[in-house]
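Listing of input19.txt, compact mmCIF, C-alpha atoms
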```txt
# COMPACT_ATOMS: atom_id res chain seq x y z
CA MET A 4 131.72 179.36 136.19
CA THR A 5 130.97 182.99 136.77
CA HIS A 6 127.89 184.59 135.42
CA ALA A 7 128.43 186.46 132.17
CA LYS A 8 128.44 190.24 132.39
CA ARG A 9 125.81 191.96 130.33
CA GLY A 10 125.24 195.34 128.83
CA ARG A 11 128.80 196.21 127.85
CA ALA A 12 129.46 199.35 125.89
CA VAL A 13 130.10 198.63 122.26
CA ASN A 14 132.67 200.40 120.19
CA ARG A 15 132.67 197.74 117.53
CA PRO A 16 131.73 197.77 113.87
CA TYR A 17 128.20 196.72 113.15
CA GLY A 18 126.38 195.43 110.12
CA PRO A 19 125.69 192.06 108.54
CA SER A 20 128.07 189.30 109.48
CA PRO A 21 129.46 187.22 106.63
CA CYS A 22 128.52 184.07 108.54
CA PRO A 23 124.98 182.71 108.09
CA ARG A 24 123.37 180.47 110.63
CA LEU A 25 120.74 177.79 110.56
CA THR A 26 118.00 178.64 112.96
CA GLY A 27 116.30 176.19 115.18
CA MET A 28 113.33 176.78 117.19
CA SER A 29 114.54 177.09 119.80
CA GLY A 30 116.90 178.97 117.74
CA ARG A 31 119.97 179.45 115.70
CA ASP A 32 122.42 176.92 114.41
CA PRO A 33 125.68 178.20 112.92
CA PHE A 34 127.41 176.81 109.92
CA CYS A 35 130.46 178.87 110.64
CA GLN A 36 131.67 181.15 113.40
CA PRO A 37 129.94 184.54 113.46
CA ARG A 38 131.59 187.64 114.80
CA ARG A 39 130.99 187.32 118.48
CA ILE A 40 130.41 189.63 121.34
CA ARG A 41 133.12 188.20 123.49
CA ARG A 42 134.06 184.63 122.62
CA GLY A 43 134.80 183.05 119.27
CA ALA A 44 133.03 179.76 119.96
CA ALA A 45 130.40 178.78 117.45
CA LEU A 46 126.93 179.08 118.88
CA THR A 47 123.30 178.64 118.23
CA LEU A 48 120.56 180.80 119.55
CA LEU A 49 117.95 178.25 120.31
CA PHE A 50 115.41 180.89 120.95
CA ALA A 51 115.55 179.40 124.29
CA SER A 52 116.17 175.92 123.95
CA VAL A 53 118.76 174.67 126.20
CA LEU A 54 118.58 177.62 127.99
CA VAL A 55 115.90 179.45 129.38
CA ALA A 56 116.31 178.76 132.53
CA GLY A 57 117.10 176.17 130.75
CA ALA A 58 114.14 176.82 128.93
CA ALA A 59 113.63 176.25 125.53
CA THR A 60 112.02 176.60 122.46
CA GLY A 61 109.12 176.99 120.17
CA ALA A 62 108.84 180.56 119.17
CA LEU A 63 105.87 180.29 116.87
CA PRO A 64 102.80 178.10 117.17
CA GLN A 65 102.74 175.31 114.62
CA GLY A 66 99.25 176.09 113.46
CA ASP A 67 100.11 179.64 112.47
CA ARG A 68 102.93 178.75 110.13
CA LYS A 69 102.67 179.18 106.39
CA SER A 70 105.17 178.12 103.81
CA ALA A 71 108.66 179.25 104.44
CA PRO A 72 109.39 182.88 103.76
CA ASP A 73 112.31 182.02 101.73
CA GLU A 74 112.33 182.10 98.75
CA ALA A 75 111.52 185.70 98.27
CA GLY A 76 113.55 186.57 101.27
CA SER A 77 117.14 186.29 100.18
CA ALA A 78 116.71 188.75 97.33
CA THR A 79 115.80 191.50 99.76
CA LEU A 80 118.25 190.57 102.50
CA ALA A 81 120.47 193.62 102.07
CA GLY A 82 117.45 195.90 102.13
CA ARG A 83 116.02 194.28 105.25
CA HIS A 84 119.32 194.46 107.10
CA ALA A 85 119.67 198.09 106.04
CA ALA A 86 116.14 198.90 107.23
CA VAL A 87 116.72 197.31 110.64
CA THR A 88 120.09 199.01 111.08
CA ARG A 89 118.68 202.36 109.97
CA ALA A 90 115.82 202.07 112.47
CA ALA A 91 118.30 201.33 115.27
CA GLU A 92 120.55 204.26 114.28
CA GLU A 93 117.63 206.69 114.15
CA ALA A 94 116.41 205.56 117.56
CA LEU A 95 119.88 206.02 119.02
CA ALA A 96 120.10 209.52 117.58
CA ASP A 97 116.68 210.35 119.09
CA GLY A 98 117.67 209.03 122.51
CA LYS A 99 115.38 205.99 122.18
CA SER A 100 116.10 202.26 122.42
CA PRO A 101 117.83 200.97 119.28
CA MET A 102 116.93 197.42 120.23
CA GLU A 103 113.21 198.16 120.50
CA ALA A 104 113.30 200.03 117.20
CA ALA A 105 115.08 197.08 115.58
CA LYS A 106 112.45 194.68 116.91
CA ARG A 107 109.70 196.76 115.34
CA ALA A 108 111.59 196.85 112.03
CA VAL A 109 112.05 193.06 112.06
CA SER A 110 108.35 192.62 112.80
CA ARG A 111 107.45 194.85 109.86
CA SER A 112 109.78 192.89 107.57
CA GLY A 113 107.52 189.85 107.70
CA ASP A 114 110.42 187.57 108.62
CA ARG A 115 108.83 184.90 110.82
CA TRP A 116 112.09 183.70 112.24
CA GLY A 117 113.84 187.05 112.44
CA ALA A 118 114.70 188.21 115.96
CA VAL A 119 116.69 190.78 117.90
CA TYR A 120 118.80 189.85 120.92
CA SER A 121 120.53 192.00 123.49
CA GLU A 122 124.27 191.60 123.84
CA GLY A 123 123.68 189.85 127.16
CA GLU A 124 121.17 187.39 125.70
CA TYR A 125 123.52 186.54 122.86
CA GLU A 126 126.35 185.90 125.29
CA GLU A 127 124.17 183.84 127.63
CA PHE A 128 123.09 181.59 124.79
CA ALA A 129 126.73 181.02 123.94
CA GLU A 130 127.43 179.97 127.52
CA ALA A 131 124.55 177.52 127.45
CA LEU A 132 125.83 175.93 124.28
CA ASP A 133 129.20 175.59 125.96
CA GLY A 134 127.38 173.30 128.39
CA GLN A 135 126.43 175.57 131.31
CA TYR A 136 123.76 178.13 132.00
CA THR A 137 122.12 180.07 134.79
CA GLY A 138 118.43 179.33 135.16
CA VAL A 139 115.74 177.35 136.96
CA GLY A 140 115.87 174.14 134.91
CA LEU A 141 112.75 174.11 132.80
CA TRP A 142 112.11 173.85 129.08
CA ALA A 143 109.09 175.53 127.52
CA ARG A 144 107.47 176.16 124.19
CA SER A 145 104.72 178.25 122.67
CA GLU A 146 101.40 176.50 122.15
CA ARG A 147 99.13 177.16 119.21
CA ASP A 148 97.00 179.55 121.25
CA GLY A 149 100.06 181.58 122.27
CA ARG A 150 100.30 180.23 125.81
CA ILE A 151 103.69 179.06 127.11
CA ALA A 152 103.78 175.44 128.25
CA VAL A 153 106.47 173.61 130.20
CA THR A 154 107.77 170.68 128.15
CA LYS A 155 110.49 169.32 130.42
CA VAL A 156 111.94 169.87 133.89
CA ARG A 157 115.54 169.09 134.75
CA ALA A 158 115.95 166.63 137.64
CA GLY A 159 117.49 168.26 140.71
CA SER A 160 116.82 171.78 139.43
CA PRO A 161 115.00 174.61 141.26
CA ALA A 162 111.98 174.00 139.02
CA ALA A 163 111.92 170.29 139.91
CA ALA A 164 112.26 171.05 143.62
CA ALA A 165 109.22 173.34 143.34
CA GLY A 166 107.13 170.53 141.85
CA ILE A 167 106.74 172.07 138.39
CA ARG A 168 105.83 169.40 135.83
CA PRO A 169 105.72 169.07 132.04
CA GLY A 170 102.35 170.28 130.81
CA ASP A 171 102.11 173.09 133.34
CA LEU A 172 101.39 176.48 131.80
CA LEU A 173 103.75 179.37 132.52
CA ARG A 174 101.40 182.35 132.77
CA SER A 175 103.70 185.04 134.12
CA VAL A 176 107.31 185.80 135.07
CA ASP A 177 107.86 188.39 137.82
CA GLY A 178 104.35 189.67 137.24
CA ARG A 179 104.66 190.00 133.46
CA LYS A 180 102.16 187.94 131.48
CA THR A 181 103.71 185.47 129.05
CA ASP A 182 100.71 184.73 126.82
CA GLY A 183 101.48 185.78 123.26
CA ARG A 184 105.10 186.64 123.97
CA PRO A 185 107.82 185.11 121.81
CA VAL A 186 109.74 182.48 123.73
CA THR A 187 112.84 184.64 123.34
CA GLU A 188 111.26 187.25 125.60
CA VAL A 189 110.10 184.65 128.11
CA VAL A 190 113.65 183.30 128.18
CA SER A 191 115.00 186.76 128.86
CA LEU A 192 112.58 187.23 131.75
CA LEU A 193 113.36 183.84 133.28
CA ARG A 194 117.09 184.38 133.06
CA GLY A 195 116.94 187.97 134.26
CA ASP A 196 118.92 189.33 131.33
CA ALA A 197 117.73 192.88 131.86
CA THR A 198 119.03 192.97 135.45
CA ASP A 199 122.18 190.83 135.02
CA ALA A 200 120.72 188.28 137.44
CA PRO A 201 123.32 185.70 138.58
CA ALA A 202 122.77 182.37 140.30
CA GLY A 203 121.02 182.91 143.64
CA THR A 204 118.69 185.67 142.48
CA THR A 205 114.97 184.98 142.59
CA VAL A 206 112.30 184.83 139.91
CA ARG A 207 108.54 184.59 140.53
CA LEU A 208 106.56 182.32 138.22
CA GLY A 209 102.81 182.29 137.73
CA LEU A 210 101.74 178.74 136.87
CA GLU A 211 98.58 176.87 135.94
CA ARG A 212 97.72 173.16 135.96
CA GLY A 213 94.18 172.32 135.01
CA THR A 214 91.94 174.38 137.31
CA ARG A 215 94.78 175.16 139.73
CA ALA A 216 96.68 178.45 139.49
CA TRP A 217 99.56 179.29 141.80
CA THR A 218 102.79 181.24 142.18
CA GLU A 219 106.29 179.88 142.84
CA THR A 220 109.37 181.90 143.70
CA LEU A 221 112.53 180.12 142.58
CA ARG A 222 116.23 180.86 142.97
CA ARG A 223 118.26 180.71 139.78
CA ALA A 224 121.13 178.22 139.85
CA GLN A 225 124.20 177.39 137.79
CA LEU A 226 123.27 174.26 135.83
CA SER A 227 124.93 172.04 133.26
CA THR A 228 123.16 170.90 130.15
CA ASP A 229 124.17 167.19 130.23
CA SER A 230 122.74 166.98 126.74
CA VAL A 231 123.70 163.35 125.98
CA THR A 232 122.73 160.38 128.14
CA VAL A 233 123.33 156.72 127.39
CA ARG A 234 121.72 153.60 128.82
CA GLN A 235 121.51 149.92 127.99
CA VAL A 236 118.27 147.96 127.81
CA ALA A 237 117.64 144.30 127.16
CA GLY A 238 117.95 143.24 123.58
CA PRO A 239 120.77 144.25 123.56
CA VAL A 240 119.82 147.84 122.82
CA THR A 241 121.78 151.05 123.48
CA VAL A 242 119.59 154.13 123.91
CA ILE A 243 121.43 157.40 123.17
CA ARG A 244 119.33 160.40 124.13
CA VAL A 245 120.36 163.85 122.87
CA ASP A 246 118.45 166.74 124.43
CA THR A 247 120.28 169.51 122.56
CA PHE A 248 123.35 169.77 120.38
CA THR A 249 125.74 171.61 122.69
CA LYS A 250 129.51 171.75 122.36
CA GLY A 251 130.98 168.24 122.41
CA SER A 252 127.67 166.39 122.10
CA GLY A 253 128.52 165.04 118.65
CA ASP A 254 131.68 163.39 119.97
CA GLN A 255 129.66 161.99 122.89
CA VAL A 256 127.30 160.32 120.44
CA ARG A 257 130.24 158.91 118.50
CA GLU A 258 131.82 157.55 121.70
CA ALA A 259 128.54 155.98 122.79
CA VAL A 260 128.24 154.16 119.47
CA GLU A 261 131.83 152.94 119.65
CA GLN A 262 131.35 151.68 123.22
CA ALA A 263 128.02 149.94 122.59
CA PRO A 264 128.18 146.15 123.08
CA PRO A 265 129.01 144.17 119.95
CA GLY A 266 125.86 143.50 117.98
CA ALA A 267 123.76 145.97 119.98
CA GLY A 268 121.29 148.06 118.06
CA VAL A 269 121.00 151.80 118.75
CA ILE A 270 117.99 153.99 119.45
CA LEU A 271 118.90 157.63 118.84
CA ASP A 272 116.32 159.43 120.96
CA LEU A 273 115.80 162.96 119.62
CA ARG A 274 112.39 163.60 121.18
CA GLY A 275 112.13 167.14 122.46
CA ASN A 276 115.52 168.06 120.98
CA SER A 277 115.13 171.70 120.07
CA GLY A 278 118.29 172.01 118.01
CA GLY A 279 121.69 173.45 118.80
CA LEU A 280 125.00 173.57 117.05
CA VAL A 281 124.73 172.26 113.53
CA THR A 282 128.39 171.25 113.54
CA GLU A 283 127.62 168.92 116.45
CA ALA A 284 124.64 167.41 114.62
CA VAL A 285 126.89 166.73 111.62
CA THR A 286 129.44 165.08 113.93
CA ALA A 287 126.65 162.91 115.34
CA ALA A 288 125.64 161.96 111.79
CA SER A 289 129.27 160.97 111.17
CA ALA A 290 128.94 158.33 113.91
CA PHE A 291 126.50 156.42 111.68
CA LEU A 292 127.59 157.30 108.14
CA ASP A 293 130.70 156.63 106.12
CA GLY A 294 131.00 160.15 104.76
CA GLY A 295 128.58 161.63 102.26
CA LEU A 296 125.96 164.35 102.25
CA VAL A 297 124.15 165.36 105.44
CA ALA A 298 122.28 168.46 104.22
CA THR A 299 122.35 171.34 101.79
CA TYR A 300 121.46 174.94 102.56
CA ASP A 301 121.17 178.13 100.59
CA VAL A 302 122.38 181.58 101.56
CA ASP A 303 121.37 184.43 99.28
CA GLY A 304 120.63 181.84 96.62
CA GLU A 305 124.06 180.21 96.80
CA GLN A 306 123.99 176.48 97.52
CA GLN A 307 126.23 175.05 100.27
CA ALA A 308 126.61 171.50 101.57
CA LEU A 309 127.39 169.73 104.83
CA HIS A 310 129.15 166.36 104.74
CA ALA A 311 129.74 163.61 107.28
CA GLU A 312 133.23 162.46 108.10
CA PRO A 313 134.10 158.97 106.81
CA GLY A 314 134.43 155.95 109.06
CA GLY A 315 131.12 155.85 110.92
CA ASP A 316 129.42 152.63 112.00
CA THR A 317 127.16 151.68 109.12
CA THR A 318 126.26 148.17 110.29
CA ARG A 319 124.46 148.53 113.64
CA PRO A 320 120.66 148.54 113.41
CA LEU A 321 119.52 152.10 114.07
CA VAL A 322 116.19 153.67 114.97
CA ALA A 323 115.77 157.44 115.27
CA LEU A 324 113.00 158.38 117.72
CA VAL A 325 111.35 161.77 117.14
CA ASP A 326 108.28 163.83 118.05
CA GLY A 327 106.76 167.28 117.58
CA GLY A 328 109.47 168.77 119.77
CA THR A 329 112.27 167.57 117.47
CA MET A 330 113.52 170.73 115.76
CA SER A 331 116.20 172.35 113.68
CA ALA A 332 119.59 170.61 113.90
CA ALA A 333 117.84 167.50 115.22
CA GLU A 334 115.61 167.48 112.15
CA LEU A 335 118.64 167.96 109.93
CA LEU A 336 120.22 164.85 111.50
CA THR A 337 116.99 162.84 111.29
CA GLY A 338 116.47 163.75 107.65
CA ALA A 339 120.01 162.73 106.76
CA LEU A 340 119.73 159.32 108.44
CA GLN A 341 116.33 158.71 106.88
CA ASP A 342 117.25 159.80 103.35
CA ARG A 343 120.51 157.89 103.40
CA GLY A 344 118.65 154.72 104.39
CA ARG A 345 120.66 154.48 107.59
CA ALA A 346 117.86 154.67 110.16
CA LEU A 347 114.21 153.80 110.51
CA VAL A 348 112.45 156.84 111.96
CA VAL A 349 109.78 156.14 114.61
CA GLY A 350 107.51 158.61 116.40
CA SER A 351 105.44 161.59 115.29
CA ARG A 352 106.02 164.33 112.74
CA THR A 353 108.79 166.72 113.73
CA PHE A 354 108.29 170.43 114.31
CA GLY A 355 109.47 171.76 110.94
CA LYS A 356 112.12 174.39 111.56
CA GLY A 357 115.05 174.81 109.23
CA SER A 358 115.98 178.28 108.09
CA VAL A 359 119.28 180.11 107.77
CA GLN A 360 119.80 183.44 109.52
CA MET A 361 122.38 186.15 109.01
CA PRO A 362 123.39 188.01 112.21
CA SER A 363 123.83 191.77 112.10
CA ARG A 364 125.45 193.92 114.80
CA LEU A 365 123.43 196.99 115.77
CA PRO A 366 124.91 200.24 117.11
CA ASP A 367 124.03 199.49 120.75
CA GLY A 368 125.64 196.02 120.61
CA SER A 369 122.41 194.08 120.18
CA VAL A 370 122.16 191.56 117.35
CA ALA A 371 119.48 191.24 114.68
CA GLU A 372 119.13 187.99 112.78
CA LEU A 373 117.17 187.79 109.54
CA THR A 374 116.29 184.79 107.40
CA VAL A 375 118.35 184.33 104.25
CA GLY A 376 117.57 180.76 103.22
CA HIS A 377 116.65 177.21 104.21
CA TYR A 378 118.25 173.80 104.47
CA ARG A 379 117.22 170.59 102.75
CA THR A 380 117.80 166.92 103.42
CA PRO A 381 120.09 164.87 101.11
CA SER A 382 117.15 163.96 98.86
CA GLY A 383 116.20 167.63 98.55
CA ARG A 384 113.27 167.69 100.98
CA ALA A 385 112.52 171.05 102.58
CA VAL A 386 111.96 170.86 106.33
CA ASP A 387 110.85 174.37 107.29
CA GLY A 388 107.10 174.46 107.87
CA ARG A 389 106.80 170.79 106.95
CA GLY A 390 108.79 168.71 109.38
CA ILE A 391 109.86 165.12 108.84
CA THR A 392 107.31 162.33 108.68
CA PRO A 393 108.39 159.15 110.50
CA ASP A 394 108.57 155.82 108.72
CA LEU A 395 106.46 154.40 111.55
CA GLU A 396 103.97 156.58 113.42
CA ALA A 397 103.88 156.12 117.20
CA ASP A 398 102.77 158.44 119.99
CA GLU A 399 102.11 156.73 123.30
CA GLY A 400 104.72 154.11 124.11
CA SER A 401 106.94 155.24 121.25
CA LEU A 402 110.15 154.21 123.02
CA GLN A 403 108.83 150.68 123.54
CA ARG A 404 107.73 150.62 119.90
CA ALA A 405 111.21 151.71 118.84
CA GLU A 406 112.78 148.93 120.93
CA THR A 407 110.49 146.36 119.31
CA VAL A 408 111.30 147.66 115.83
CA LEU A 409 115.02 147.69 116.55
CA ARG A 410 114.99 144.07 117.72
CA GLY A 411 113.18 143.18 114.53
CA LEU A 412 115.84 144.93 112.47
CA ALA A 413 118.56 143.08 114.34
CA GLY A 414 116.96 139.72 113.58
CA PRO A 415 117.32 136.62 115.73
CA SER A 416 120.25 136.60 118.15
```

In structure tokens, write the structure found in this file.
Amino acid sequence: MTHAKRGRAVNRPYGPSPCPRLTGMSGRDPFCQPRRIRRGAALTLLFASVLVAGAATGALPQGDRKSAPDEAGSATLAGRHAAVTRAAEEALADGKSPMEAAKRAVSRSGDRWGAVYSEGEYEEFAEALDGQYTGVGLWARSERDGRIAVTKVRAGSPAAAAGIRPGDLLRSVDGRKTDGRPVTEVVSLLRGDATDAPAGTTVRLGLERGTRAWTETLRRAQLSTDSVTVRQVAGPVTVIRVDTFTKGSGDQVREAVEQAPPGAGVILDLRGNSGGLVTEAVTAASAFLDGGLVATYDVDGEQQALHAEPGGDTTRPLVALVDGGTMSAAELLTGALQDRGRALVVGSRTFGKGSVQMPSRLPDGSVAELTVGHYRTPSGRAVDGRGITPDLEADEGSLQRAETVLRGLAGPS
């Protein structure tokens, strides 16, 4: 797959898109197809999630969050979009950067989850959600103190070959400090969006582990997301792990359930899942539900609903395994299975990210996304800023705890 070209000239209309999107920390989850830069595929901007260099996620520290900006937000959506667009137009007329002006306008708007993406970033995120990306193979998130921490490293990736481990702090990228930066900006630096960096180009990372600080120079590579993995453990238990909801992942979950041994229980492992395509999360829900409500969401005060397809497996014992890195579309799925009484949820409280964004094309081709509403679980629970509380709390050894619980649900064999 060739590396996407960035920075194309734009002679396209701009302004708010009619298609809202659910944002996950890591980014954005669409409910319908927005007007795209190049392709028409539905996408989610995970703020990083699958993708930084496969990096991913957490744009705001958990401790800094207040209640969702909602609720007042949708009434002023048109005004906020107009203010951001006007700032970009004025900057363009003055020979300044429309994108930087738009970022300042979004910051002034008070929209916690609002963001501005270059045309290249937007396109790269789409590629990642199609299952491939150019990067170094690490996932990261923002800590409460603003530092960027590595949460996961892809096996066989440049980051893994360099010995980078989860828990390491990412202090700089090509000499630019990362502390306090939104993960979106860190993602852009890692991927080399500003310089159209393809696979094979280098990126220099400043890292810290305990008292050790060092620098690694990595070569970006073309990687695949491999977002769904399946394995069998004694019990019989089928463990289905979903790292992100990329294109086709919902069908992969459905196939894994259908192919599980007769009588086998299922652990749906959503730990560290930073979100993705909401349509794929709904498809995954359909593997376990016989139709019915998955979630509701509001856009400009108008209520919408997402429903599962009928015919899912409603008899297998099911445990959903979650943690503080479970976000967005993954929380939507967890909430649906919990509210519908289909799964016992084990782990720790999820991140708490579930807001709907409306994308808006700016005159230089960049895209601004502003919050217009929030989604709720079938019982009406709000997720944004709250997260989902497990039925059974478990931190260390949570997978083993889930296996034990699942065998108990299955009863004697």

For segment 159-258 of chain A against segment 275-290 of chain A, with a cut-off of 12 Å and counting all atoms listed in the file, what is the closest atom pair and its distance in Å to one decimal for every residue that makes the cut, ordered by chain and number, as a Markdown table?
```
| residue | atom | partner | partner_atom | distance |
| --- | --- | --- | --- | --- |
| A:Pro169 | CA | A:Gly275 | CA | 11.7 |
| A:Thr228 | CA | A:Gly279 | CA | 11.7 |
| A:Ser230 | CA | A:Asn276 | CA | 9.3 |
| A:Val231 | CA | A:Asn276 | CA | 10.7 |
| A:Ile243 | CA | A:Ala287 | CA | 10.9 |
| A:Arg244 | CA | A:Asn276 | CA | 9.1 |
| A:Val245 | CA | A:Asn276 | CA | 6.7 |
| A:Asp246 | CA | A:Asn276 | CA | 4.7 |
| A:Thr247 | CA | A:Asn276 | CA | 5.2 |
| A:Phe248 | CA | A:Gly279 | CA | 4.3 |
| A:Thr249 | CA | A:Gly279 | CA | 5.9 |
| A:Lys250 | CA | A:Glu283 | CA | 6.8 |
| A:Gly251 | CA | A:Glu283 | CA | 6.9 |
| A:Ser252 | CA | A:Glu283 | CA | 6.2 |
| A:Gly253 | CA | A:Ala287 | CA | 4.4 |
| A:Asp254 | CA | A:Thr286 | CA | 6.7 |
| A:Gln255 | CA | A:Ala287 | CA | 8.2 |
| A:Val256 | CA | A:Ala287 | CA | 5.8 |
| A:Arg257 | CA | A:Ala290 | CA | 4.8 |
| A:Glu258 | CA | A:Ala290 | CA | 8.3 |
```

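You can rank A:Val348, A:Ala333, A:Val240, A:Val386 by their closest distance to Glu406 of chain A using all atoms listed in the file, and at the top of that list sits A:Val240.
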
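Take atom CA of Asp293 of chain A and atom CA of Gly315 of chain A: the distance between them is 4.9 Å.
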
- Identify which of the residues A:Ser351, A:Ser382, A:Ser110, A:Thr137 lies closest to Gly195 of chain A, counting only C-alpha atoms when measuring atom-to-atom distances.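 Smallest separation from Gly195 of chain A among the options: A:Thr137.
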
Could you put an axis-aligned box around every listed atom of segment 189-206 of chain A, padded by 4 Å on each side, and send me its centre and edge lengths in Å to one decimal, as JSON?
```
{"center_x": 116.7, "center_y": 187.7, "center_z": 135.9, "size_x": 21.2, "size_y": 18.6, "size_z": 23.5}
```

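Here atom CA of Val322 of chain A stands at a distance of 28.6 Å from atom CA of Gly140 of chain A.
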
- Query: Could you pull the residues within 12 Å of Arg179 of chain A, counting all atoms listed in the file, minus those fewer than 5 positions along the same chain, as a list in words?
  - Reply: Leu173, Arg174, Arg184, Glu188, Val189, Ser191, Leu192, Leu193, Val206, Arg207, Leu208 and Gly209 of chain A

- Message: Please return as number ranges by chain every residue within 9 Å of (99.6, 181.5, 123.5), taking into account all atoms listed in the file and the file's own coordinates.
- Response: A: 64, 145-152, 181-184

- Item | Pick from A:Thr154, A:Thr353, A:Thr318, A:Thr220 nearest to Asp398 of chain A, counting all atoms listed in the file |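 Closest to Asp398 of chain A of all the choices is A:Thr353.
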
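If you measure from each of A:Thr241, A:Thr392, A:Ser401, A:Ser121 to Asp196 of chain A using only C-alpha atoms, the closest one turns out to be A:Ser121.
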
Mind filling out segment 390-402 of chain A with N, CA and C atoms and sending it as a PDB file, in the frame of the given file?
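Written output follows (selection.pdb):
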```
ATOM      1  N   GLY A 390     108.340 169.743 108.477  1.00  0.00           N
ATOM      2  CA  GLY A 390     108.790 168.710 109.380  1.00  0.00           C
ATOM      3  C   GLY A 390     109.158 167.442 108.640  1.00  0.00           C
ATOM      4  N   ILE A 391     109.495 166.419 109.400  1.00  0.00           N
ATOM      5  CA  ILE A 391     109.860 165.120 108.840  1.00  0.00           C
ATOM      6  C   ILE A 391     108.845 164.088 109.309  1.00  0.00           C
ATOM      7  N   THR A 392     108.298 163.353 108.363  1.00  0.00           N
ATOM      8  CA  THR A 392     107.310 162.330 108.680  1.00  0.00           C
ATOM      9  C   THR A 392     108.020 161.014 108.995  1.00  0.00           C
ATOM     10  N   PRO A 393     107.727 160.406 110.142  1.00  0.00           N
ATOM     11  CA  PRO A 393     108.390 159.150 110.500  1.00  0.00           C
ATOM     12  C   PRO A 393     108.028 158.018 109.539  1.00  0.00           C
ATOM     13  N   ASP A 394     108.883 157.016 109.487  1.00  0.00           N
ATOM     14  CA  ASP A 394     108.570 155.820 108.720  1.00  0.00           C
ATOM     15  C   ASP A 394     107.470 155.020 109.420  1.00  0.00           C
ATOM     16  N   LEU A 395     107.462 155.113 110.752  1.00  0.00           N
ATOM     17  CA  LEU A 395     106.460 154.400 111.550  1.00  0.00           C
ATOM     18  C   LEU A 395     105.895 155.351 112.592  1.00  0.00           C
ATOM     19  N   GLU A 396     104.605 155.655 112.489  1.00  0.00           N
ATOM     20  CA  GLU A 396     103.970 156.580 113.420  1.00  0.00           C
ATOM     21  C   GLU A 396     103.757 155.908 114.772  1.00  0.00           C
ATOM     22  N   ALA A 397     104.095 156.622 115.840  1.00  0.00           N
ATOM     23  CA  ALA A 397     103.880 156.120 117.200  1.00  0.00           C
ATOM     24  C   ALA A 397     103.867 157.290 118.155  1.00  0.00           C
ATOM     25  N   ASP A 398     102.854 157.366 119.001  1.00  0.00           N
ATOM     26  CA  ASP A 398     102.770 158.440 119.990  1.00  0.00           C
ATOM     27  C   ASP A 398     103.006 157.870 121.380  1.00  0.00           C
ATOM     28  N   GLU A 399     101.955 157.344 121.994  1.00  0.00           N
ATOM     29  CA  GLU A 399     102.110 156.730 123.300  1.00  0.00           C
ATOM     30  C   GLU A 399     102.962 155.462 123.185  1.00  0.00           C
ATOM     31  N   GLY A 400     103.884 155.313 124.125  1.00  0.00           N
ATOM     32  CA  GLY A 400     104.720 154.110 124.110  1.00  0.00           C
ATOM     33  C   GLY A 400     105.680 154.066 122.936  1.00  0.00           C
ATOM     34  N   SER A 401     106.088 155.223 122.440  1.00  0.00           N
ATOM     35  CA  SER A 401     106.940 155.240 121.250  1.00  0.00           C
ATOM     36  C   SER A 401     108.312 154.634 121.504  1.00  0.00           C
ATOM     37  N   LEU A 402     108.846 154.801 122.718  1.00  0.00           N
ATOM     38  CA  LEU A 402     110.150 154.210 123.020  1.00  0.00           C
ATOM     39  C   LEU A 402     110.058 152.678 122.980  1.00  0.00           C
TER      40      LEU A 402
END
```
